[in-house]
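Notes for the one structure printed next.
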Amino acid sequence: MQSAGSGKIVVAHPERKAQRALVRLVGATPLPVELVTDVDALIKAVDGDTIAIVDAGIARANVGLCERPARAWIAVPGEGLAPAEPAGIDALLSAGWSHVIAHPMPILAEELLATVQKLIRGDTFGLEKYMTWGAEIRTYALDDTRAREVAVNLMAKDIIAVGLPDRISSMVSVIADELISNAVYGAPVDESGARFRATEARDASRTLADRDAVTVRWATDGRYLAIEVRDRWGSIDPRAIGAKLAAGKQNAAQSEGMGLPLAYACCNQLVIGVAPSQLTEMIALLDVRHKPTELARGASFHAFIGTVGAP
Amino acid sequence: MKLGRLDVEIAGERLTLTGRIDDASPLGELVSQLPANVVIDTSGVTFVNSIGMREWIRLLRGLRERGTVTLERVADVLITQMNLIPDLGNNVRIASFHAQYACNACGAEVAPLIDAVAHAEQLQRLKAPPMPCPECQGQMELADFPERYLTLFRV
């Protein structure tokens, strides 16, 4: 983990207006900000301690950039900060980009700042980072595999009760169900890395305690609704998951391993944090301010590797 | 009949599904109990997860190998997931479906029933027909990107 004071931020964008907007967003962080306009300058400017914020157009034309050493590569909406298109998002995810922001302003600002601050501070986990201060957080601890449906139904009812529309409640039900299923059945691995619960009967009762414990939290602040699911296995490879999500949509006809791609398709931003062998946290965010047509067609994606208890 | 949390009613050529299509709904088992030509009504379906979607695919693939499949009043939760897998539209006739609409005037959000036969030409061009708002009688528009509901209809 890097200390907050080291490194720099490099912003690569060809348009002056977009440069200004991006620099203003990250200019108040503790790190110095350097501006470049093309890929050659970007490559020269970035080192292993750099957070690189890259125009999606430059990123798509140079998808292999993310293989270069950096603290993080973040692709942001391209020309004029218009929303990113799904094909562009998928291309970046397939190439291994860990951070792809899909949405235009003002969501871009909120998402980029949260992402950069998490990276700078090394503080990876918790849905609080996406909520306005004071948002009430509700928690459901699952004590048995059969509690999944109960928790999902309760969450759906609670969401209707706070005044959100059926559309949101319906999507939250699908997202929560898939993320919980992934935590309960997909996350546990044996010493060889085999996912030994993956074929377990879904109607069988099993106590979820100790390492099998799964916690679910959600909150809304009138801008976003965030659903957070944690398991204690930390068994997901965050570098590979983006590519799986992109491939999952293309392979949906097989409908195998469709759970996470379906959750991703239902939200506006999917954030995965992993402390290897300790914790996986998945946060799905739904924008409840804007009409779906005012947002990007595809969802943003972020994958972080962190440490439990940091900073 | 119940399949897990799903109520299943078979009456002649008509299959009506109500409730949750999920891990406990082995829909593929219904193929042998249904006639060659089937009309499926899913307006009462409230939830579909990824395993439920796999079972729905098994059902449709099994049925369309044997005869005609007509989907009526397809639930909003189902039509959006079906549009992730456009192959599901092959050899399946969708007569009507629910879709999320929003009223620009009063902000109401509802899921009216869209007649896919009457609006076939529009739907093929990924155009959702305007619908009247049940609250203020203003004009409602589809509340999402058209491809999330209409990819199945594209020619």
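Ordered as shown in the structure tokens, chains take letters A, B, and onward, while each chain numbers its residues from 1 and ligands are numbered from 1 in the order shown.
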
Close residues, segment 66-78 of chain B itself excluded, 6 Å, only C-alpha atoms, min 3 positions apart in chain, as a PDB file with C-alpha atoms, in the first residue's frame:
```pdb
ATOM      1  CA  ALA B  36     -46.883 -28.512 -28.948  1.00  0.00           C
ATOM      2  CA  ASN B  37     -48.300 -25.005 -29.311  1.00  0.00           C
ATOM      3  CA  VAL B  38     -48.194 -22.974 -26.112  1.00  0.00           C
ATOM      4  CA  VAL B  39     -49.211 -19.537 -24.881  1.00  0.00           C
ATOM      5  CA  ILE B  40     -47.302 -18.427 -21.769  1.00  0.00           C
ATOM      6  CA  ASP B  41     -48.551 -15.638 -19.511  1.00  0.00           C
ATOM      7  CA  THR B  42     -45.930 -14.311 -17.074  1.00  0.00           C
ATOM      8  CA  SER B  43     -47.533 -11.063 -15.920  1.00  0.00           C
ATOM      9  CA  VAL B  45     -43.804 -13.085 -12.259  1.00  0.00           C
ATOM     10  CA  LEU B  63     -40.863 -25.739 -26.348  1.00  0.00           C
ATOM     11  CA  GLN B  81     -33.442 -10.053 -18.792  1.00  0.00           C
ATOM     12  CA  VAL B  92     -40.877 -17.081 -30.109  1.00  0.00           C
ATOM     13  CA  ARG B  93     -43.752 -14.663 -30.680  1.00  0.00           C
ATOM     14  CA  ILE B  94     -44.138 -11.931 -28.098  1.00  0.00           C
ATOM     15  CA  ALA B  95     -47.738 -10.675 -28.148  1.00  0.00           C
ATOM     16  CA  SER B  96     -47.497  -8.191 -25.283  1.00  0.00           C
ATOM     17  CA  PHE B  97     -45.175  -7.165 -22.475  1.00  0.00           C
ATOM     18  CA  HIS B  98     -44.886  -4.814 -19.534  1.00  0.00           C
ATOM     19  CA  ALA B  99     -42.333  -1.996 -19.614  1.00  0.00           C
TER      20      ALA B  99
END
```

Which residues, written as a PyMOL selection string, have at least one atom at most 12 Å from segment 6-9 of chain A, with only C-alpha atoms counted and residues fewer than 4 positions away on the same chain left out?
-> chain A and resi 1-2+22-23+25-36+42+45-54+70-74+116-117+119-122

Keeping only N, CA and C atoms, take the residues you just selected and write them out as a JSON list (two decimals), in the first residue's frame.
```
[["chain", "number", "residue", "atom", "x", "y", "z"],
["A", 1, "MET", "N", 0.83, -1.20, 0.00],
["A", 1, "MET", "CA", 0.00, 0.00, 0.00],
["A", 1, "MET", "C", 0.88, 1.26, 0.00],
["A", 2, "GLN", "N", 0.47, 2.24, -0.77],
["A", 2, "GLN", "CA", 1.23, 3.48, -0.85],
["A", 2, "GLN", "C", 0.79, 4.43, 0.26],
["A", 22, "LEU", "N", -11.51, 17.83, -15.04],
["A", 22, "LEU", "CA", -10.87, 16.71, -14.35],
["A", 22, "LEU", "C", -9.81, 17.20, -13.35],
["A", 23, "VAL", "N", -9.05, 18.20, -13.75],
["A", 23, "VAL", "CA", -8.02, 18.73, -12.84],
["A", 23, "VAL", "C", -8.66, 19.35, -11.61],
["A", 25, "LEU", "N", -11.36, 18.45, -10.26],
["A", 25, "LEU", "CA", -11.88, 17.37, -9.42],
["A", 25, "LEU", "C", -10.81, 16.79, -8.51],
["A", 26, "VAL", "N", -9.65, 16.57, -9.05],
["A", 26, "VAL", "CA", -8.61, 15.88, -8.27],
["A", 26, "VAL", "C", -7.56, 16.84, -7.74],
["A", 27, "GLY", "N", -7.70, 18.13, -8.07],
["A", 27, "GLY", "CA", -6.69, 19.10, -7.67],
["A", 27, "GLY", "C", -6.60, 19.32, -6.18],
["A", 28, "ALA", "N", -7.66, 19.03, -5.45],
["A", 28, "ALA", "CA", -7.64, 19.26, -4.01],
["A", 28, "ALA", "C", -7.14, 18.06, -3.22],
["A", 29, "THR", "N", -6.80, 16.99, -3.91],
["A", 29, "THR", "CA", -6.22, 15.84, -3.20],
["A", 29, "THR", "C", -4.77, 16.18, -2.83],
["A", 30, "PRO", "N", -4.17, 15.40, -1.93],
["A", 30, "PRO", "CA", -2.80, 15.75, -1.49],
["A", 30, "PRO", "C", -1.75, 15.56, -2.59],
["A", 31, "LEU", "N", -2.08, 14.91, -3.67],
["A", 31, "LEU", "CA", -1.07, 14.59, -4.68],
["A", 31, "LEU", "C", -0.98, 15.67, -5.76],
["A", 32, "PRO", "N", 0.22, 15.92, -6.26],
["A", 32, "PRO", "CA", 0.35, 16.85, -7.38],
["A", 32, "PRO", "C", -0.31, 16.28, -8.63],
["A", 33, "VAL", "N", -0.84, 17.18, -9.47],
["A", 33, "VAL", "CA", -1.55, 16.76, -10.68],
["A", 33, "VAL", "C", -0.77, 17.24, -11.89],
["A", 34, "GLU", "N", -0.53, 16.33, -12.81],
["A", 34, "GLU", "CA", 0.18, 16.66, -14.05],
["A", 34, "GLU", "C", -0.79, 16.43, -15.21],
["A", 35, "LEU", "N", -0.73, 17.31, -16.19],
["A", 35, "LEU", "CA", -1.66, 17.23, -17.31],
["A", 35, "LEU", "C", -0.91, 16.86, -18.59],
["A", 36, "VAL", "N", -1.44, 15.88, -19.32],
["A", 36, "VAL", "CA", -0.87, 15.55, -20.63],
["A", 36, "VAL", "C", -2.02, 15.43, -21.63],
["A", 42, "LEU", "N", 1.68, 10.65, -21.92],
["A", 42, "LEU", "CA", 1.12, 9.88, -20.81],
["A", 42, "LEU", "C", 2.09, 8.78, -20.38],
["A", 45, "ALA", "N", 4.93, 10.10, -18.50],
["A", 45, "ALA", "CA", 4.61, 10.70, -17.20],
["A", 45, "ALA", "C", 4.28, 9.69, -16.11],
["A", 46, "VAL", "N", 3.80, 8.52, -16.52],
["A", 46, "VAL", "CA", 3.29, 7.56, -15.53],
["A", 46, "VAL", "C", 4.40, 6.64, -15.03],
["A", 47, "ASP", "N", 4.49, 6.52, -13.71],
["A", 47, "ASP", "CA", 5.38, 5.51, -13.12],
["A", 47, "ASP", "C", 4.55, 4.67, -12.13],
["A", 48, "GLY", "N", 5.20, 3.79, -11.42],
["A", 48, "GLY", "CA", 4.50, 2.85, -10.56],
["A", 48, "GLY", "C", 3.76, 3.47, -9.40],
["A", 49, "ASP", "N", 3.99, 4.74, -9.15],
["A", 49, "ASP", "CA", 3.36, 5.43, -8.03],
["A", 49, "ASP", "C", 2.31, 6.45, -8.51],
["A", 50, "THR", "N", 1.89, 6.29, -9.76],
["A", 50, "THR", "CA", 0.99, 7.27, -10.37],
["A", 50, "THR", "C", -0.44, 6.74, -10.44],
["A", 51, "ILE", "N", -1.38, 7.64, -10.18],
["A", 51, "ILE", "CA", -2.79, 7.36, -10.51],
["A", 51, "ILE", "C", -3.05, 8.05, -11.85],
["A", 52, "ALA", "N", -3.31, 7.25, -12.87],
["A", 52, "ALA", "CA", -3.49, 7.79, -14.22],
["A", 52, "ALA", "C", -4.97, 7.87, -14.56],
["A", 53, "ILE", "N", -5.43, 9.08, -14.88],
["A", 53, "ILE", "CA", -6.83, 9.30, -15.27],
["A", 53, "ILE", "C", -6.83, 9.58, -16.76],
["A", 54, "VAL", "N", -7.43, 8.67, -17.52],
["A", 54, "VAL", "CA", -7.22, 8.66, -18.96],
["A", 54, "VAL", "C", -8.55, 8.77, -19.70],
["A", 70, "ALA", "N", 1.58, 1.23, -12.60],
["A", 70, "ALA", "CA", 0.94, 2.45, -12.09],
["A", 70, "ALA", "C", 0.19, 2.06, -10.82],
["A", 71, "ARG", "N", -0.11, 3.04, -9.99],
["A", 71, "ARG", "CA", -0.93, 2.72, -8.82],
["A", 71, "ARG", "C", -2.34, 2.34, -9.29],
["A", 72, "ALA", "N", -2.82, 3.03, -10.29],
["A", 72, "ALA", "CA", -4.12, 2.66, -10.88],
["A", 72, "ALA", "C", -4.28, 3.35, -12.24],
["A", 73, "TRP", "N", -4.99, 2.68, -13.14],
["A", 73, "TRP", "CA", -5.39, 3.26, -14.42],
["A", 73, "TRP", "C", -6.90, 3.45, -14.38],
["A", 74, "ILE", "N", -7.34, 4.67, -14.57],
["A", 74, "ILE", "CA", -8.78, 4.97, -14.51],
["A", 74, "ILE", "C", -9.20, 5.56, -15.86],
["A", 116, "VAL", "N", -10.44, 7.98, -6.45],
["A", 116, "VAL", "CA", -9.08, 8.50, -6.23],
["A", 116, "VAL", "C", -8.77, 8.56, -4.74],
["A", 117, "GLN", "N", -9.72, 9.01, -3.94],
["A", 117, "GLN", "CA", -9.46, 9.08, -2.49],
["A", 117, "GLN", "C", -9.26, 7.70, -1.88],
["A", 119, "LEU", "N", -7.97, 5.19, -3.38],
["A", 119, "LEU", "CA", -6.62, 4.78, -3.80],
["A", 119, "LEU", "C", -5.55, 5.51, -3.00],
["A", 120, "ILE", "N", -5.70, 6.80, -2.83],
["A", 120, "ILE", "CA", -4.69, 7.59, -2.13],
["A", 120, "ILE", "C", -4.59, 7.16, -0.67],
["A", 121, "ARG", "N", -5.75, 6.98, -0.05],
["A", 121, "ARG", "CA", -5.76, 6.68, 1.39],
["A", 121, "ARG", "C", -5.56, 5.19, 1.67],
["A", 122, "GLY", "N", -5.67, 4.35, 0.65],
["A", 122, "GLY", "CA", -5.58, 2.91, 0.90],
["A", 122, "GLY", "C", -6.74, 2.41, 1.73]]
```

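Residue nearest Ala265 of chain A, chosen from B:Gln139, B:Asn91, B:Thr80, B:Thr151 and counting only C-alpha atoms: B:Thr80.
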
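The smallest atom-to-atom distance between chain A and any of B:Ala11, B:Leu84, B:Leu3, B:Ala116, using only C-alpha atoms, is found for B:Leu84.
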
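With distances taken over only C-alpha atoms, A:Arg297 is the one residue among A:Arg60, A:Arg297, A:Arg197, A:Lys129 lying closest to chain B.
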
Please build the interface table for chain B against chain A with a cut-off of 8 Å, listing for each qualifying residue the nearest atom pair and the distance in Å to one decimal; count only C-alpha atoms, order rows by chain and increasing number, and write it as a Markdown table.
```
| residue | atom | partner | partner_atom | distance |
| --- | --- | --- | --- | --- |
| B:Asp23 | CA | A:Arg202 | CA | 6.4 |
| B:Ala24 | CA | A:Asp203 | CA | 7.2 |
| B:Thr46 | CA | A:Ser170 | CA | 7.9 |
| B:Phe47 | CA | A:Val174 | CA | 7.3 |
| B:Val48 | CA | A:Val174 | CA | 7.1 |
| B:Asn49 | CA | A:Val174 | CA | 5.8 |
| B:Ser50 | CA | A:Gly259 | CA | 5.2 |
| B:Ile51 | CA | A:Gly259 | CA | 7.8 |
| B:Met53 | CA | A:Ser255 | CA | 7.4 |
| B:Arg54 | CA | A:Ser255 | CA | 5.6 |
| B:Val77 | CA | A:Ser170 | CA | 7.3 |
| B:Leu84 | CA | A:Ala252 | CA | 7.0 |
| B:Ile85 | CA | A:Ala253 | CA | 5.6 |
| B:Asp87 | CA | A:Ala253 | CA | 7.1 |
| B:Gln100 | CA | A:Arg167 | CA | 7.3 |
| B:Glu109 | CA | A:Pro165 | CA | 7.1 |
| B:Ala143 | CA | A:Pro292 | CA | 6.7 |
| B:Asp144 | CA | A:Pro292 | CA | 5.2 |
| B:Phe145 | CA | A:Thr293 | CA | 5.7 |
```

Ile236 of chain A: which residues within 9 Å, counting only C-alpha atoms, same-chain residues fewer than 2 positions away excluded, as JSON, numbers by chain?
-> {"A": [187, 233, 234, 238, 239, 240, 241, 274, 276, 277, 280]}

Alpha helix (DSSP H) positions in segment 15-107 of chain B, given as a ChimeraX atom specification | /B:50-64,76-82

All residues 12 Å or closer to Ala198 of chain A, only C-alpha atoms, same chain fewer than 4 positions away omitted, as a PyMOL selection string = chain A and resi 181-190+194+202+256-257

Shell around Thr145 of chain A at 10 Å using only C-alpha atoms, local window under 2 positions removed, as a count of residues only | 19
